[in-house]
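Asks: target08.pdb is reproduced in full below (PDB, C-alpha atoms and all ligand atoms).
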```
ATOM      1  CA  MET A 147       0.000   0.000   0.000
ATOM      2  CA  ALA A 148       2.986   2.298   0.430
ATOM      3  CA  GLY A 149       3.235   2.520  -3.359
ATOM      4  CA  LEU A 150      -0.346   3.696  -3.611
ATOM      5  CA  GLU A 151       0.169   6.300  -0.900
ATOM      6  CA  ASP A 152       3.210   7.624  -2.737
ATOM      7  CA  LEU A 153       1.144   7.836  -5.894
ATOM      8  CA  TYR A 154      -1.618   9.739  -4.079
ATOM      9  CA  ARG A 155       0.951  12.139  -2.637
ATOM     10  CA  GLU A 156       2.454  12.697  -6.084
ATOM     11  CA  ILE A 157      -0.951  13.438  -7.603
ATOM     12  CA  ILE A 158      -1.825  15.894  -4.828
ATOM     13  CA  LEU A 159       1.528  17.662  -5.131
ATOM     14  CA  ASP A 160       1.196  17.836  -8.898
ATOM     15  CA  HIS A 161      -2.195  19.558  -8.670
ATOM     16  CA  TYR A 162      -0.857  21.870  -5.959
ATOM     17  CA  ARG A 163       2.156  22.913  -8.030
ATOM     18  CA  ASN A 164       0.316  23.048 -11.364
ATOM     19  CA  PRO A 165      -3.226  24.077 -10.516
ATOM     20  CA  ARG A 166      -5.708  23.402 -13.340
ATOM     21  CA  ASN A 167      -8.432  25.848 -14.348
ATOM     22  CA  LEU A 168      -7.085  28.564 -12.089
ATOM     23  CA  GLY A 169      -8.941  31.891 -11.995
ATOM     24  CA  GLU A 170     -12.507  33.150 -12.059
ATOM     25  CA  LEU A 171     -15.101  33.270 -14.813
ATOM     26  CA  PRO A 172     -17.024  36.517 -15.389
ATOM     27  CA  VAL A 173     -20.214  36.619 -13.295
ATOM     28  CA  PRO A 174     -22.795  36.622 -14.803
ATOM     29  CA  PRO A 175     -23.230  34.523 -16.865
ATOM     30  CA  ALA A 176     -21.144  32.242 -14.640
ATOM     31  CA  VAL A 177     -22.242  31.513 -11.084
ATOM     32  CA  ARG A 178     -19.906  31.919  -8.173
ATOM     33  CA  ALA A 179     -19.622  30.305  -4.751
ATOM     34  CA  GLU A 180     -17.108  30.706  -1.975
ATOM     35  CA  GLY A 181     -15.994  28.389   0.763
ATOM     36  CA  PHE A 182     -14.036  29.035   3.922
ATOM     37  CA  ASN A 183     -12.553  26.485   6.276
ATOM     38  CA  PRO A 184     -11.837  28.217   9.590
ATOM     39  CA  LEU A 185     -10.052  25.142  10.947
ATOM     40  CA  CYS A 186      -7.210  25.638   8.502
ATOM     41  CA  GLY A 187      -7.800  29.094   7.006
ATOM     42  CA  ASP A 188      -8.493  27.741   3.542
ATOM     43  CA  GLU A 189     -10.475  29.897   1.128
ATOM     44  CA  VAL A 190     -11.847  28.786  -2.201
ATOM     45  CA  VAL A 191     -13.767  30.541  -4.968
ATOM     46  CA  VAL A 192     -15.502  28.366  -7.524
ATOM     47  CA  THR A 193     -17.056  29.815 -10.675
ATOM     48  CA  VAL A 194     -19.066  27.626 -13.009
ATOM     49  CA  SER A 195     -20.615  28.359 -16.376
ATOM     50  CA  LEU A 196     -23.386  26.092 -17.533
ATOM     51  CA  ASP A 197     -24.370  25.235 -21.071
ATOM     52  CA  GLY A 198     -27.871  23.887 -20.665
ATOM     53  CA  ASP A 199     -27.494  21.078 -18.163
ATOM     54  CA  ARG A 200     -23.783  20.710 -18.822
ATOM     55  CA  VAL A 201     -20.871  22.165 -16.885
ATOM     56  CA  ALA A 202     -19.163  24.046 -19.708
ATOM     57  CA  GLU A 203     -16.391  25.731 -17.715
ATOM     58  CA  VAL A 204     -15.081  25.626 -14.171
ATOM     59  CA  ARG A 205     -12.538  27.923 -12.591
ATOM     60  CA  GLN A 206     -11.161  27.719  -9.094
ATOM     61  CA  ALA A 207      -9.188  30.231  -7.078
ATOM     62  CA  GLY A 208      -8.354  30.897  -3.466
ATOM     63  CA  GLN A 209      -5.637  30.296  -0.971
ATOM     64  CA  GLY A 210      -4.884  27.693   1.620
ATOM     65  CA  CYS A 211      -3.023  24.510   2.307
ATOM     66  CA  SER A 212      -1.841  22.060  -0.340
ATOM     67  CA  ILE A 213      -4.805  19.751   0.270
ATOM     68  CA  SER A 214      -7.442  22.441  -0.268
ATOM     69  CA  ARG A 215      -5.672  23.854  -3.322
ATOM     70  CA  SER A 216      -5.029  20.513  -4.996
ATOM     71  CA  SER A 217      -8.549  19.300  -4.247
ATOM     72  CA  ALA A 218      -9.954  22.394  -5.998
ATOM     73  CA  SER A 219      -7.734  21.718  -9.007
ATOM     74  CA  MET A 220      -8.821  18.059  -9.171
ATOM     75  CA  MET A 221     -12.461  19.066  -8.773
ATOM     76  CA  SER A 222     -12.260  21.495 -11.690
ATOM     77  CA  VAL A 223     -10.837  18.817 -13.970
ATOM     78  CA  ALA A 224     -13.264  16.153 -12.782
ATOM     79  CA  VAL A 225     -16.505  18.067 -13.312
ATOM     80  CA  LYS A 226     -15.704  20.063 -16.442
ATOM     81  CA  GLY A 227     -17.787  18.796 -19.355
ATOM     82  CA  ARG A 228     -20.062  16.685 -17.187
ATOM     83  CA  SER A 229     -23.795  17.025 -16.910
ATOM     84  CA  VAL A 230     -24.978  18.865 -13.807
ATOM     85  CA  ALA A 231     -26.505  15.613 -12.542
ATOM     86  CA  ASP A 232     -23.172  13.801 -12.992
ATOM     87  CA  ALA A 233     -21.319  16.611 -11.249
ATOM     88  CA  ARG A 234     -23.687  16.413  -8.296
ATOM     89  CA  GLY A 235     -23.252  12.644  -8.223
ATOM     90  CA  LEU A 236     -19.494  13.046  -8.147
ATOM     91  CA  VAL A 237     -19.726  15.462  -5.201
ATOM     92  CA  ARG A 238     -21.814  12.858  -3.372
ATOM     93  CA  LYS A 239     -19.213  10.174  -4.098
ATOM     94  CA  VAL A 240     -16.350  12.313  -2.890
ATOM     95  CA  LYS A 241     -18.175  13.323   0.266
ATOM     96  CA  ALA A 242     -19.127   9.704   0.929
ATOM     97  CA  MET A 243     -15.525   8.647   0.372
ATOM     98  CA  MET A 244     -14.389  11.191   2.956
ATOM     99  CA  SER A 245     -17.245  10.948   5.475
ATOM    100  CA  VAL A 246     -17.267   7.177   5.743
ATOM    101  CA  HIS A 247     -13.692   7.221   6.882
ATOM    102  CA  GLU A 248     -14.428  10.112   9.193
ATOM    103  CA  ALA A 249     -17.209   8.092  10.817
ATOM    104  CA  GLN A 250     -14.912   5.117  11.261
ATOM    105  CA  LEU A 251     -12.246   7.287  12.812
ATOM    106  CA  GLU A 252     -14.774   8.651  15.246
ATOM    107  CA  GLY A 253     -15.583   5.116  16.260
ATOM    108  CA  GLU A 254     -19.119   5.059  14.884
ATOM    109  CA  ASP A 255     -20.619   1.916  13.467
ATOM    110  CA  PRO A 256     -19.437   1.809   9.840
ATOM    111  CA  ALA A 257     -22.336  -0.491   8.930
ATOM    112  CA  GLU A 258     -24.635   2.494   9.319
ATOM    113  CA  ASP A 259     -23.026   4.106   6.293
ATOM    114  CA  ALA A 260     -22.750   0.891   4.309
ATOM    115  CA  ASP A 261     -24.781   2.244   1.401
ATOM    116  CA  ASP A 262     -22.717   5.395   1.183
ATOM    117  CA  ALA A 263     -19.547   3.333   1.427
ATOM    118  CA  SER A 264     -20.337   1.213  -1.577
ATOM    119  CA  ASP A 265     -21.399   4.345  -3.431
ATOM    120  CA  GLY A 266     -18.217   6.173  -2.493
ATOM    121  CA  SER A 267     -15.651   3.469  -3.094
ATOM    122  CA  ALA A 268     -17.167   2.279  -6.343
ATOM    123  CA  ASP A 269     -15.604   2.994  -9.681
ATOM    124  CA  PRO A 270     -12.177   4.473  -8.931
ATOM    125  CA  GLU A 271     -11.755   5.157 -12.639
ATOM    126  CA  GLU A 272     -14.629   7.591 -12.604
ATOM    127  CA  LEU A 273     -12.949   9.484  -9.777
ATOM    128  CA  GLY A 274      -9.625   9.709 -11.616
ATOM    129  CA  ASP A 275      -7.110  11.895  -9.786
ATOM    130  CA  VAL A 276      -9.782  12.674  -7.198
ATOM    131  CA  ALA A 277      -9.213   9.196  -5.772
ATOM    132  CA  ALA A 278      -5.941  10.546  -4.397
ATOM    133  CA  LEU A 279      -7.959  12.440  -1.796
ATOM    134  CA  GLN A 280      -8.506   9.092  -0.090
ATOM    135  CA  GLY A 281      -4.980   9.506   1.208
ATOM    136  CA  VAL A 282      -6.218  12.488   3.229
ATOM    137  CA  VAL A 283      -8.788  10.626   5.300
ATOM    138  CA  LYS A 284      -6.068   9.318   7.560
ATOM    139  CA  PHE A 285      -5.705  12.899   8.769
ATOM    140  CA  PRO A 286      -9.192  13.861  10.001
ATOM    141  CA  VAL A 287      -8.316  17.543  10.470
ATOM    142  CA  ARG A 288      -7.583  17.768   6.751
ATOM    143  CA  ILE A 289     -10.868  16.289   5.555
ATOM    144  CA  LYS A 290     -12.563  19.696   5.581
ATOM    145  CA  CYS A 291      -9.660  21.045   3.525
ATOM    146  CA  ALA A 292     -10.392  18.420   0.881
ATOM    147  CA  THR A 293     -14.202  18.759   0.833
ATOM    148  CA  LEU A 294     -14.281  22.585   0.913
ATOM    149  CA  CYS A 295     -14.242  23.119  -2.853
ATOM    150  CA  TRP A 296     -16.760  20.320  -3.439
ATOM    151  CA  ASN A 297     -19.241  22.000  -1.122
ATOM    152  CA  ALA A 298     -18.617  25.297  -2.922
ATOM    153  CA  LEU A 299     -19.277  23.556  -6.240
ATOM    154  CA  LEU A 300     -22.615  22.236  -4.967
ATOM    155  CA  GLN A 301     -23.496  25.723  -3.809
ATOM    156  CA  ALA A 302     -22.683  27.119  -7.261
ATOM    157  CA  LEU A 303     -24.761  24.426  -8.978
ATOM    158  CA  ASP A 304     -27.681  25.319  -6.720
ATOM    159  CA  GLU A 305     -27.634  28.941  -7.877
ATOM    160  CA  PRO A 306     -30.568  29.759 -10.117
ATOM    161  CA  ALA A 307     -29.479  29.811 -13.752
ATOM    162  CA  THR A 308     -28.752  33.274 -15.042
ATOM    163  CA  PRO A 309     -30.573  33.887 -18.305
ATOM    164  CA  ALA A 310     -28.292  35.016 -21.094
ATOM    165  CA  THR A 311     -28.510  38.757 -21.590
ATOM    166  CA  PRO A 312     -29.911  39.608 -25.017
ATOM    167  CA  SER A 313     -27.419  41.628 -27.030
TER     168      SER A 313
HETATM  169 ZN    ZN B 401      -6.376  23.157   4.786
END
```
So that I can check it, write out the structure of this file as structure tokens.

Replies:
Amino acid sequence: MAGLEDLYREIILDHYRNPRNLGELPVPPAVRAEGFNPLCGDEVVVTVSLDGDRVAEVRQAGQGCSISRSSASMMSVAVKGRSVADARGLVRKVKAMMSVHEAQLEGEDPAEDADDASDGSADPEELGDVAALQGVVKFPVRIKCATLCWNALLQALDEPATPATPS
């Protein structure tokens, strides 16, 4: 398993050093959501532009620790081009992946979250680089760093669609 952990660390560092989709889209027509993690001081700004029910563009910006920054970069890559429903599903998977471990670490009965667990651990290929965030769950204080941008994404997707301004 050490090999896998090294791989996860490499992926996280790569996204931290070479953040993808960095910046902000003009709002409107894009929608914008912010997240703040007081435990660590992480800030994230997520802007999303939708094309119908598809996530056409995602930009992420902010400041914080390597986990929060690399998670935002991974998120932007993972959801770009997906349908809104798929993007929401991916957020659920990521949060399940992180929360199941959190529950286990807190000594709760893991069986309670059995459904979420199978949902979260299924299909590592769909998660792509995002699977590297699993390496974070061993450090419970960092879980909020990793999920911050995903919550901001959900918030952005929940914004009412801005109608295109007639020219
Ligand atoms: Zn952090």

Asks: Which residues are near Val287 (chain A)? Cut-off 10 Å, all atoms listed in the file, ignore same chain within fewer than 4 positions. Put them as a PyMOL selection string.

Replies: chain A and resi 185-186+248+282-283+291-292

Asks: For the file shown, what are the residues hit by the PyMOL selection byres (((chain A and resi 173-178) around 6) and not hetatm), laid out as a list in words?

Replies: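 Selection result, ordered by chain and number: Pro172, Ala179, Val192, Thr193, Val194, Ser195, Ala302 and Thr308 of chain A.
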
Asks: Box time for region 287-296 of chain A: axis-aligned, enclosing all its listed atoms, 3 Å extra on each side; report centre and edge lengths in Å to one decimal, as JSON.

Replies:
```
{"center_x": -12.2, "center_y": 19.7, "center_z": 3.5, "size_x": 15.2, "size_y": 12.8, "size_z": 19.9}
```

Asks: Could you tell me which residues the PyMOL selection byres (((not hetatm)) within 10 of (chain B and resi 401)) grabs in this file, written as an NGL selection string?

Replies: :A and (182-189 or 209-215 or 287-294)

Asks: So, counting only C-alpha atoms, which residue among A:Gly281, A:Gly169, A:Gly149, A:Gly198 is closest to Ser222 (chain A)?

Replies: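 Nearest to Ser222 (chain A): A:Gly169.
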
Asks: So how many Å separate CA of Gln301 (chain A) and CA of Asp160 (chain A), to one decimal?

Replies: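 So the answer is 26.4 Å.
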
Asks: Neighbouring residues of Ile158 (chain A) were defined as those with any atom within 8 Å, considering all atoms listed in the file; residues of the same chain fewer than 3 positions away were excluded. Please report them as number ranges by chain.

Replies: A: 154-155, 161-162, 212-213, 216-217, 278-279

Asks: My list of candidates is A:Val191, A:Met220, A:Arg163, A:Asp199. Which is closest to Asp232 (chain A) when distances are computed with all atoms listed in the file?

Replies: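 Residue with the minimum atom-to-atom distance to Asp232 (chain A): A:Asp199.
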
Asks: Taking only C-alpha atoms into account, name the residue in A:Glu271, A:Glu203, A:Glu151, A:Asp304 that is nearest to Lys284 (chain A).

Replies: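 The closest residue to Lys284 (chain A) is A:Glu151.
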
Asks: Between A:Leu159, A:Leu300, A:Met244, A:Val276, which residue has the minimum interatomic distance to Gly181 (chain A), considering all atoms listed in the file?

Replies: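 Of all the options, A:Leu300 lies closest to Gly181 (chain A).
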